[in-house]
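Asks: Mind having a look at this structure? Questions to follow.
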Amino acid sequence: MIRELALIDVLYLIAAMRWTLALTAIAFLGGAFFGLFIALLRIAPFAPARWLGAAYVNAVQGTPLLAWLFVFFFGLSIVGVTVSPWIAAAAAYSIYAGAFLGEIWRGCLQAIPQTQWEAGASLGLSFSAQLRYIIVPQAFRLAIPPTVGFLVQLIKNTSLAAVVGFIELTREGQLTTATTFRPFTVYLIVAALYFALCFPLTQVSRRLERRLHVAR
Amino acid sequence: MSLVELKDVVKRYGNNTVLNGVSLGVEKGEIIAIIGRSGSGKSTMLRCINGLEPIQGGSVAFDGRIVNDPATDLRELRQHVGIVFQSFNLFPHLSVEKNITLAPKVVKGMQQSEARLLAEAVLRKVGLGEKIDAFPDQLSGGQQQRVAIARSLAMQPVLMLFDEITSALDPELVGEVLKVLEEMARDGMTMILVTHEIGFARKVANRVVFMHQGKIWEQGPAAATLGNPNTLELETFLSAVLH
């Protein structure tokens, strides 16, 4: 049944944004959890820990996010485990975001000069105390702009979850197109809504970056 | 037994031998000035004493404990050995007070009120009592280096290591840092300093150690050794730095 594109459809699209935001939030939290762990593995004073971290990052960065979505959604159902689109998306995005955030944060931790570690060690601080009181507080400031930048990527990439039937903004757009047959208008609205989410964030990121440079 | 005892220490970076069999004993209360060209191994030797540099041969002992023994608790040992670096290495995100009180609080579990008093006391020693709430980037190089000294003193070390601590300073700021060292010397602190300040070494040090090609080439009482070198290498070095 084809009907006219109406205001109600636009409202549905706007309402669907909440699932985009929810998936982004889950992906970011899950990614932050994995990412912190990966970043610490990557700078650990124990070589096998660093290799493990590097292997994870290389594996995830070298494979498409779409493949991870398929693995969790279709792959697990083949071996008899039924997975809801929510679980599949949450798992795939957490793994994906973990690798990228881990890499970003590793870079920030390593940007702190070795002499800061040495100064801490010379005062009798343990590795974890050096990390907690000296390295992380300094790396945190460096990490804010690239982390916000990645968040913008994450928001846009949640659209991929539409392929496993996760109803977020893009999937809602597909459904609306199917009933109204107005793909051009609908997808323009979808794009505008993504822009409305991402643009303020890029502005914030840019401002933070500028302020950081002034502070240096 | 000497407070610090280096025996045939060998340190290599790949194929490059930086310390080639260095032996040195330092008694409690002694002030040792280590001089020599850059690349002669002075800083490396200093950094072996608190275990910042792993060594490939020989042994380093501090207060009877073997620094290069993996079973030694380096963290505990370092609480008694202060080190001050050429580039200050203050924590830029922390105030002067927090720079000084971090280790007493975290490592020794000191309470904030007591730690603040300690910070005030060590800052007075280096003549910077009024800078307790400043941040490192608000201080001059000489002041930052004095805060770094105060930070080490707050751990109440029995030995202080100084790694070319005036080399990164503008010439007019060197004096204020050396004055602090002189006061510490008067208080009886055991100090080992790598320095290019020959005049200061002559005035303050009990003993001068001249390093050359990864070895202790010549050593002896400061005035005699500097005034009347036995080796051609020390003579050449002195005439180069004194001109």
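Convention: chains lettered A, B, ... in structure tokens order; per-chain residue numbering from 1; ligands numbered from 1 as shown.
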Residues of chain B that approach chain A to 6 Å or less, counting only C-alpha atoms: could you list each one with the shortest pair of atoms and its distance in Å to one decimal, rows by chain and increasing residue number, as a tab-separated table?

Replies:
```
residue	atom	partner	partner_atom	distance
B:Arg75	CA	A:Gly124	CA	4.4
B:Arg78	CA	A:Gly124	CA	5.2
B:Gln79	CA	A:Gly124	CA	5.2
```

Asks: Keeping only N, CA and C atoms, write the selected residues to a file as a short mmCIF file (atom, residue, chain, number, x, y, z; two decimals), in the first residue's frame.

Replies:
```
data_model
loop_
_atom_site.label_atom_id
_atom_site.label_comp_id
_atom_site.auth_asym_id
_atom_site.auth_seq_id
_atom_site.Cartn_x
_atom_site.Cartn_y
_atom_site.Cartn_z
N ARG B 75 60.73 -0.51 44.74
CA ARG B 75 59.86 0.57 45.18
C ARG B 75 60.23 1.02 46.58
N ARG B 78 63.65 2.79 46.52
CA ARG B 78 63.64 4.14 45.94
C ARG B 78 63.10 5.19 46.90
N GLN B 79 62.38 4.75 47.93
CA GLN B 79 61.91 5.72 48.91
C GLN B 79 63.08 6.34 49.67
#
```

Asks: Excluding Ile100 in chain B and residues on its chain fewer than 4 positions from it, collect all residues at most 8 Å away from it, counting only C-alpha atoms, and give them as an MDAnalysis selection string.

Replies: chainID B and resid 96 104 119 147 150:152 154

Asks: Keeping only N, CA and C atoms, take the residues you just selected and write them out as a PDB file, in the first residue's frame.

Replies:
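See result.pdb below for the written result:
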```
ATOM      1  N   VAL B  96      52.290  22.691  42.999  1.00  0.00           N
ATOM      2  CA  VAL B  96      53.557  22.435  43.691  1.00  0.00           C
ATOM      3  C   VAL B  96      53.312  21.559  44.920  1.00  0.00           C
ATOM      4  N   PRO B 104      54.475  11.010  49.431  1.00  0.00           N
ATOM      5  CA  PRO B 104      54.238  10.765  50.862  1.00  0.00           C
ATOM      6  C   PRO B 104      52.833  10.237  51.137  1.00  0.00           C
ATOM      7  N   ALA B 119      55.111  19.656  52.994  1.00  0.00           N
ATOM      8  CA  ALA B 119      55.369  20.410  51.771  1.00  0.00           C
ATOM      9  C   ALA B 119      55.874  21.808  52.112  1.00  0.00           C
ATOM     10  N   VAL B 147      61.729  23.014  43.185  1.00  0.00           N
ATOM     11  CA  VAL B 147      60.558  22.232  43.602  1.00  0.00           C
ATOM     12  C   VAL B 147      60.855  20.735  43.449  1.00  0.00           C
ATOM     13  N   ALA B 150      62.767  19.699  46.325  1.00  0.00           N
ATOM     14  CA  ALA B 150      61.889  19.621  47.500  1.00  0.00           C
ATOM     15  C   ALA B 150      61.038  18.353  47.451  1.00  0.00           C
ATOM     16  N   ARG B 151      60.571  18.003  46.248  1.00  0.00           N
ATOM     17  CA  ARG B 151      59.753  16.797  46.083  1.00  0.00           C
ATOM     18  C   ARG B 151      60.537  15.556  46.530  1.00  0.00           C
ATOM     19  N   SER B 152      61.809  15.505  46.149  1.00  0.00           N
ATOM     20  CA  SER B 152      62.641  14.371  46.574  1.00  0.00           C
ATOM     21  C   SER B 152      62.875  14.389  48.077  1.00  0.00           C
ATOM     22  N   ALA B 154      61.031  15.448  50.372  1.00  0.00           N
ATOM     23  CA  ALA B 154      59.842  15.114  51.141  1.00  0.00           C
ATOM     24  C   ALA B 154      59.781  13.631  51.490  1.00  0.00           C
TER      25      ALA B 154
END
```

Asks: From the options A:Phe199, A:Phe100, A:Phe70, A:Tyr187, which residue's atoms come nearest to Ala39 in chain A, counting only C-alpha atoms?

Replies: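 For Ala39 in chain A, the nearest of the given residues is A:Phe100.
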
Asks: Need to verify the contact set: range 80-86 of chain A, 9 Å, only C-alpha atoms, exclusion of same-chain residues closer than 2 positions in sequence. Can you return it as a list of chain:residue names?

Replies: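 What passes the distance filter is A:Leu23, A:Phe72, A:Phe73, A:Phe74, A:Gly75, A:Leu76, A:Ser77, A:Ile78, A:Ala88, A:Ala89, A:Ala90, A:Ala91, A:Ala161, A:Val164, A:Gly165, A:Phe166, A:Ile167.
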
Asks: With only C-alpha atoms as the basis for distance, which of B:Gln213, B:Gln156, B:Ser38, B:Asn15 is at the shortest distance from His196 in chain B?

Replies: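 Closest residue, counting only C-alpha atoms: B:Ser38.
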